[in-house]
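What follows is start35.cif (mmCIF, C-alpha atoms).
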data_start
#
loop_
_atom_site.label_atom_id
_atom_site.label_comp_id
_atom_site.auth_asym_id
_atom_site.auth_seq_id
_atom_site.Cartn_x
_atom_site.Cartn_y
_atom_site.Cartn_z
CA MET Q 10 0.00 0.00 0.00
CA SER Q 11 1.42 3.35 -1.01
CA PRO Q 12 1.80 5.93 1.78
CA ALA Q 13 -0.78 8.68 2.06
CA PRO Q 14 0.33 11.98 0.47
CA GLU Q 15 1.72 14.54 2.89
CA THR Q 16 0.63 17.51 0.80
CA VAL Q 17 -2.29 18.41 -1.41
CA GLU Q 18 -2.33 20.86 -4.30
CA VAL Q 19 -4.39 23.92 -3.46
CA THR Q 20 -5.57 26.27 -6.20
CA PHE Q 21 -5.92 29.96 -5.40
CA ILE Q 22 -8.45 31.62 -7.68
CA ALA Q 23 -9.18 35.28 -8.42
CA PRO Q 24 -11.53 36.95 -8.88
CA ARG Q 25 -13.28 35.09 -6.11
CA HIS Q 26 -16.74 35.23 -7.67
CA LEU Q 27 -15.49 32.81 -10.35
CA ALA Q 28 -13.91 30.33 -7.93
CA GLY Q 29 -16.91 27.98 -7.89
CA GLY Q 30 -19.13 27.00 -4.99
CA GLY Q 31 -16.62 25.22 -2.77
CA ASP Q 32 -17.41 22.91 0.15
CA PRO Q 33 -20.90 23.46 1.70
CA ALA Q 34 -19.48 22.28 5.04
CA TRP Q 35 -17.80 25.70 5.31
CA ILE Q 36 -21.31 26.99 6.11
CA THR Q 37 -23.28 24.06 7.51
CA VAL Q 38 -20.75 22.64 9.98
CA PRO Q 39 -20.07 25.94 11.83
CA LEU Q 40 -23.79 26.71 11.99
CA HIS Q 41 -24.40 23.37 13.68
CA ARG Q 42 -21.33 23.03 15.87
CA ALA Q 43 -20.47 26.65 16.70
CA CYS Q 44 -23.87 28.33 16.54
CA GLY Q 45 -26.17 25.59 17.79
CA TRP Q 46 -28.33 25.24 14.69
CA SER Q 47 -30.15 21.91 14.57
CA HIS Q 48 -30.39 19.83 11.43
CA GLY Q 49 -33.03 17.54 10.01
CA ASN Q 50 -31.86 15.49 7.07
CA ASP Q 51 -33.72 12.94 5.01
CA PRO Q 52 -31.11 10.32 3.97
CA LEU Q 53 -33.12 9.65 0.82
CA MET Q 54 -33.06 13.29 -0.29
CA PRO Q 55 -29.97 15.30 -1.38
CA ARG Q 56 -30.70 18.25 0.88
CA VAL Q 57 -29.71 19.80 4.20
CA LEU Q 58 -32.10 21.65 6.51
CA LEU Q 59 -30.81 23.73 9.42
CA SER Q 60 -32.74 25.84 11.94
CA SER Q 61 -31.53 28.36 14.50
CA PRO Q 62 -31.90 27.63 18.23
CA ASP Q 63 -34.86 30.03 18.50
CA GLN Q 64 -36.47 28.58 15.36
CA THR Q 65 -36.64 31.97 13.65
CA ALA Q 66 -34.06 31.34 10.91
CA PHE Q 67 -33.86 28.42 8.50
CA LEU Q 68 -31.26 27.44 5.95
CA ARG Q 69 -32.07 25.01 3.17
CA LEU Q 70 -29.49 23.54 0.81
CA GLU Q 71 -30.94 21.55 -2.05
CA PRO Q 72 -29.40 21.03 -5.50
CA ASP Q 73 -31.70 22.70 -8.00
CA PRO Q 74 -30.40 22.77 -11.58
CA GLY Q 75 -32.94 25.41 -12.54
CA GLY Q 76 -32.80 27.66 -9.51
CA GLN Q 77 -31.16 28.71 -6.27
CA TRP Q 78 -29.43 25.99 -4.24
CA TRP Q 79 -29.23 27.92 -0.97
CA ARG Q 80 -32.24 29.53 0.70
CA LEU Q 81 -32.06 31.46 3.97
CA LEU Q 82 -35.43 32.30 5.52
CA HIS Q 83 -36.06 34.44 8.59
CA ALA Q 84 -39.38 34.79 10.38
CA ALA Q 85 -40.79 38.17 11.38
CA GLY Q 86 -39.73 39.57 14.74
CA ARG Q 87 -40.98 42.33 16.98
CA ASP Q 88 -39.18 45.05 15.00
CA GLN Q 89 -38.24 43.17 11.83
CA PRO Q 90 -40.48 41.89 9.01
CA ALA Q 91 -39.85 38.44 7.59
CA TRP Q 92 -37.12 38.25 4.94
CA TYR Q 93 -35.21 35.78 2.82
CA ALA Q 94 -32.06 35.44 0.74
CA SER Q 95 -31.09 32.88 -1.88
CA PHE Q 96 -27.89 31.89 -3.65
CA GLY Q 97 -27.06 29.86 -6.75
CA GLY Q 98 -24.99 26.68 -6.64
CA HIS Q 99 -21.82 28.35 -7.98
CA THR Q 100 -21.94 31.09 -5.33
CA PRO Q 101 -18.68 30.74 -3.37
CA VAL Q 102 -19.44 29.43 0.10
CA GLU Q 103 -17.16 32.09 1.59
CA LEU Q 104 -19.55 34.80 0.37
CA ILE Q 105 -22.60 33.04 1.81
CA ALA Q 106 -20.68 32.44 5.03
CA ALA Q 107 -20.17 36.20 5.34
CA VAL Q 108 -23.97 36.45 5.65
CA THR Q 109 -24.49 33.54 8.04
CA ASP Q 110 -21.53 34.62 10.19
CA ALA Q 111 -23.01 38.11 10.52
CA LEU Q 112 -26.49 36.72 11.20
CA THR Q 113 -25.21 34.58 14.09
CA ASP Q 114 -22.72 37.08 15.50
CA PRO Q 115 -23.62 37.83 19.15
CA ALA Q 116 -21.80 41.16 18.87
CA PRO Q 117 -22.35 42.49 15.35
CA THR Q 118 -19.63 44.77 14.02
CA SER Q 119 -20.35 48.14 12.50
CA VAL Q 120 -20.47 48.07 8.70
CA PRO Q 121 -21.32 50.68 6.04
CA SER Q 122 -25.06 51.30 5.78
CA ASN Q 123 -25.00 51.10 1.99
CA PRO Q 124 -24.06 47.72 0.44
CA HIS Q 125 -22.68 49.60 -2.55
CA ASP Q 126 -20.00 51.32 -0.45
CA PRO Q 127 -17.54 48.38 -0.37
CA LEU Q 128 -17.88 48.07 -4.15
CA ALA Q 129 -17.19 51.75 -4.73
CA GLU Q 130 -14.15 51.59 -2.44
CA ALA Q 131 -12.87 48.61 -4.44
CA GLY Q 132 -13.09 50.47 -7.74
CA TRP Q 133 -16.29 48.94 -9.09
CA ILE Q 134 -18.07 50.97 -11.75
CA PRO Q 135 -21.39 52.73 -11.07
CA VAL Q 136 -24.18 52.37 -13.63
CA ASP Q 137 -25.69 55.67 -14.72
CA GLY Q 138 -29.32 56.14 -13.75
CA ARG Q 139 -29.51 52.96 -11.66
CA GLN Q 140 -28.61 51.88 -8.16
CA ALA Q 141 -26.07 49.42 -9.53
CA TYR Q 142 -22.36 48.70 -9.72
CA ILE Q 143 -20.45 46.48 -12.15
CA SER Q 144 -17.22 44.65 -11.34
CA PRO Q 145 -14.00 45.75 -13.11
CA ASP Q 146 -14.02 42.51 -15.15
CA ASP Q 147 -17.61 43.20 -16.27
CA THR Q 148 -18.90 39.84 -15.01
CA VAL Q 149 -20.81 40.93 -11.89
CA GLN Q 150 -23.65 43.38 -11.39
CA VAL Q 151 -24.94 44.38 -7.96
CA GLU Q 152 -28.22 46.28 -8.13
CA ARG Q 153 -30.88 47.49 -5.75
CA ILE Q 154 -34.19 47.22 -7.58
CA SER Q 155 -35.98 50.52 -7.09
CA ALA Q 156 -39.48 49.15 -7.55
CA SER Q 157 -39.21 46.45 -4.87
CA GLY Q 158 -36.24 47.45 -2.73
CA SER Q 159 -34.69 44.00 -3.18
CA TRP Q 160 -31.05 43.41 -4.08
CA HIS Q 161 -29.94 41.35 -7.07
CA ILE Q 162 -26.38 40.14 -7.61
CA THR Q 163 -25.84 38.48 -10.97
CA VAL Q 164 -22.66 36.86 -12.30
CA SER Q 165 -22.40 36.00 -15.98
CA VAL Q 166 -19.65 35.12 -18.45
CA ASP Q 167 -20.21 35.87 -22.14
CA ASP Q 168 -23.93 36.42 -21.42
CA ARG Q 169 -24.12 32.98 -19.78
CA PRO Q 170 -25.47 33.08 -16.21
CA VAL Q 171 -23.06 31.63 -13.65
CA TRP Q 172 -24.75 32.36 -10.32
CA ALA Q 173 -27.15 34.82 -8.74
CA ALA Q 174 -27.86 36.02 -5.22
CA ARG Q 175 -31.13 37.61 -4.17
CA PHE Q 176 -31.88 39.56 -0.99
CA HIS Q 177 -35.46 40.42 -0.02
CA GLU Q 178 -36.20 44.08 0.61
CA HIS Q 179 -36.41 43.52 4.38
CA THR Q 180 -33.10 41.70 4.66
CA PRO Q 181 -31.05 43.53 7.32
CA VAL Q 182 -28.78 45.87 5.41
CA GLN Q 183 -25.69 44.84 7.40
CA LEU Q 184 -26.03 41.28 6.08
CA ILE Q 185 -26.13 42.48 2.48
CA THR Q 186 -23.14 44.73 3.15
CA GLN Q 187 -21.18 41.81 4.58
CA PHE Q 188 -21.90 39.91 1.36
CA THR Q 189 -20.79 42.77 -0.90
CA THR Q 190 -17.70 43.30 1.26
CA ALA Q 191 -16.72 39.65 0.78
CA LEU Q 192 -17.57 39.92 -2.92
CA ALA Q 193 -15.35 42.98 -3.42
CA ASP Q 194 -12.42 41.46 -1.50
CA THR Q 195 -9.47 40.86 -3.85
CA GLU Q 196 -8.01 38.05 -1.73
CA PRO Q 197 -8.10 34.82 -3.79
CA LEU Q 198 -10.22 31.89 -2.65
CA TRP Q 199 -8.62 28.49 -2.31
CA ARG Q 200 -9.98 25.21 -3.61
CA THR Q 201 -8.72 21.63 -3.40
CA ASP Q 202 -10.81 20.22 -6.26
CA GLY Q 203 -8.68 21.76 -8.99
CA VAL Q 204 -10.71 23.05 -11.91
CA ASP Q 205 -13.71 20.76 -11.39
CA GLY Q 206 -15.81 23.31 -9.55
CA MET Q 207 -14.84 26.37 -11.58
CA PRO Q 208 -17.47 27.87 -13.87
CA THR Q 209 -14.84 29.11 -16.34
CA LEU Q 210 -11.18 28.55 -17.21
CA ASN Q 211 -10.94 31.61 -19.44
CA PRO Q 212 -7.39 32.89 -18.83
CA ALA Q 213 -8.57 36.42 -19.58
CA LEU Q 214 -10.98 36.26 -16.63
CA VAL Q 215 -9.47 33.91 -14.06
CA ASN Q 216 -6.07 34.03 -12.40
CA ARG Q 217 -4.90 30.75 -10.81
CA ARG Q 218 -1.94 30.10 -8.53
CA PHE Q 219 -0.92 26.74 -7.12
CA LEU Q 220 0.57 25.76 -3.80
CA ASP Q 221 1.37 22.38 -2.24
CA VAL Q 222 -0.07 22.56 1.28
CA PRO Q 223 0.28 19.98 4.08
CA VAL Q 224 -2.80 17.78 4.21
CA ALA Q 225 -3.08 18.39 7.94
CA TYR Q 226 -3.31 22.14 7.39
CA VAL Q 227 -6.12 21.82 4.86
CA ALA Q 228 -7.98 19.40 7.11
CA ALA Q 229 -7.62 21.76 10.07
CA ALA Q 230 -8.98 24.84 8.26
CA LEU Q 231 -12.63 24.01 8.96
CA GLU Q 232 -11.90 23.14 12.59
CA GLU Q 233 -10.15 26.48 13.05
CA ARG Q 234 -13.15 28.25 11.57
CA VAL Q 235 -15.55 26.43 13.90
CA ASP Q 236 -13.39 27.26 16.91
CA ALA Q 237 -13.15 30.94 15.91
CA LEU Q 238 -16.92 31.28 15.56
CA ALA Q 239 -17.61 29.39 18.78
CA ALA Q 240 -15.25 31.75 20.63
CA ARG Q 241 -17.30 34.83 19.78
CA VAL Q 242 -18.79 36.56 22.82
CA PRO Q 243 -21.77 38.95 23.13
CA ALA Q 244 -19.96 42.01 24.50
CA PRO Q 245 -16.18 42.09 24.07
CA SER Q 246 -14.31 44.70 26.05
CA ALA Q 247 -12.48 47.51 24.29
CA ASP Q 248 -9.09 45.81 24.65
CA GLN Q 249 -10.21 42.57 23.03
CA HIS Q 250 -9.73 41.84 19.35
CA PRO Q 251 -12.07 39.70 17.20
CA SER Q 252 -10.98 36.21 16.24
CA PRO Q 253 -10.21 35.69 12.55
CA SER Q 254 -13.15 34.28 10.62
CA ALA Q 255 -11.01 31.86 8.66
CA PRO Q 256 -7.38 30.84 8.25
CA ARG Q 257 -5.53 32.39 5.35
CA MET Q 258 -3.02 30.82 3.03
CA SER Q 259 -0.88 32.97 0.76
CA PRO Q 260 -0.63 31.79 -2.86
CA ARG Q 261 2.62 31.48 -4.73
CA HIS Q 262 3.80 29.94 -7.98
CA ARG Q 263 5.06 26.39 -7.85
#
Written as structure tokens, how would this file's structure read?
Amino acid sequence: MSPAPETVEVTFIAPRHLAGGGDPAWITVPLHRACGWSHGNDPLMPRVLLSSPDQTAFLRLEPDPGGQWWRLLHAAGRDQPAWYASFGGHTPVELIAAVTDALTDPAPTSVPSNPHDPLAEAGWIPVDGRQAYISPDDTVQVERISASGSWHITVSVDDRPVWAARFHEHTPVQLITQFTTALADTEPLWRTDGVDGMPTLNPALVNRRFLDVPVAYVAAALEERVDALAARVPAPSADQHPSPSAPRMSPRHR
């Protein structure tokens, strides 16, 4: 029997919105283990259902070739109407995790009140006459629909839809801003499945870097994320610093 490999090839992909969906466990495992969300799974159905401890928020993951794979639903509260958000299957899990991490944060951080602000700061291009911004590579549009107040994020390559995210008009604005902040981030996303999960290999659109990483490090990344989220506290003192939301690996050429 050949020995198990000590390293695994990790691909760092930019821009991150074209990195592919990634591992759903990046979202579901921390919600269950760090945030106390319960799960009810039917072993005969390819879906995951998670609910928050107070039964006000629900996350559904179900492969849907013709629609959104991820659906986040939140019941109405005393001062908040019901709302929902949905995400296509190729939406990078790190972007969705930015929303679920903010939703479950016992001490939410202050973020810009306008989800377009992180895009403007990152050099995205405003669309004349509309509440919309387009990414520098012209593959993403983030728009607030004036008629409904909802937010639509659409990714397409050569007029072919890749993924879409939708936020209901009553979605807390800080959650949408966390999503657009993660979307505008220029840090590459890392994947261990090579090119299999990527929606495009167009060298004019996607920059890839490769790094051989110890298997133990890759395996520990999710555990570190769970531990960091579980360590969050409701009211940190002024001299405390937040735990990192995820480990980072710096890409380099082989």
Legend entry - Polymer residues at most 7 Å from region 31-35 of chain Q, all atoms listed in the file, same-chain spacing of 4 or more positions, as JSON, numbers by chain: {"Q": [39, 101, 102, 200, 231]}
May I have the selected residues written with C-alpha atoms, as an mmCIF file, in the frame of the given file?
data_model
loop_
_atom_site.group_PDB
_atom_site.id
_atom_site.type_symbol
_atom_site.label_atom_id
_atom_site.label_comp_id
_atom_site.auth_asym_id
_atom_site.auth_seq_id
_atom_site.Cartn_x
_atom_site.Cartn_y
_atom_site.Cartn_z
ATOM 1 C CA PRO Q 39 -20.070 25.940 11.830
ATOM 2 C CA PRO Q 101 -18.680 30.740 -3.370
ATOM 3 C CA VAL Q 102 -19.440 29.430 0.100
ATOM 4 C CA ARG Q 200 -9.980 25.210 -3.610
ATOM 5 C CA LEU Q 231 -12.630 24.010 8.960
#
Inset, instruction - Name the residues in contact with region 116-122 of chain Q at a cut-off of 12 Å, using all atoms listed in the file, excluding same-chain residues fewer than 4 positions from it; report them as a VMD selection string. - result: chain Q and resid 108 to 112 126 to 130 181 to 190 238 240 to 246 250 to 251
Inset, instruction - Place a sphere of radius 10 Å on (-10.4, 40.3, -2.3) in the file coordinates and name every protein, DNA or RNA residue with an atom inside or on its surface, counting only C-alpha atoms; give the answer as a VMD selection string. - result: chain Q and resid 23 to 26 131 190 to 198
Inset, instruction - Excluding Val222 (chain Q) and any residue of its chain fewer than 4 positions from it, enumerate the residues within 7 Å of it, using only C-alpha atoms, and give them as number ranges by chain. - result: Q: 16-19, 226
Since we have the selection now, will you write its residues out, keeping C-alpha atoms, as a PDB file, in the frame of the given file?
ATOM      1  CA  THR Q  16       0.630  17.510   0.800  1.00  0.00           C
ATOM      2  CA  VAL Q  17      -2.290  18.410  -1.410  1.00  0.00           C
ATOM      3  CA  GLU Q  18      -2.330  20.860  -4.300  1.00  0.00           C
ATOM      4  CA  VAL Q  19      -4.390  23.920  -3.460  1.00  0.00           C
ATOM      5  CA  TYR Q 226      -3.310  22.140   7.390  1.00  0.00           C
TER       6      TYR Q 226
END
Legend entry - Two-atom distance - CA of Arg218 (chain Q), CA of Ile36 (chain Q) (Å):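 CA of Arg218 (chain Q) sits 24.5 Å away from CA of Ile36 (chain Q).
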Inset, instruction - Find the residues with any atom within 9 Å of (-22.1, 28.2, 16.6); use only C-alpha atoms and the coordinates as given in the file, and write the answer as a ChimeraX atom specification. - result: /Q:38-46,113-114,235-236,238-241
Inset, instruction - Please identify all polymer residues within 10 Å of Thr209 (chain Q), counting all atoms listed in the file, omitting same-chain residues fewer than 3 positions from it, and present them as a PyMOL selection string. - result: chain Q and resi 27-29+166+171+204-206+212+214-215
Inset, instruction - Please provide the set of residues having any atom within 6 Å of Gln77 (chain Q), restricted to only C-alpha atoms, with same-chain residues fewer than 2 positions apart removed, written as number ranges by chain. - result: Q: 79, 96-97
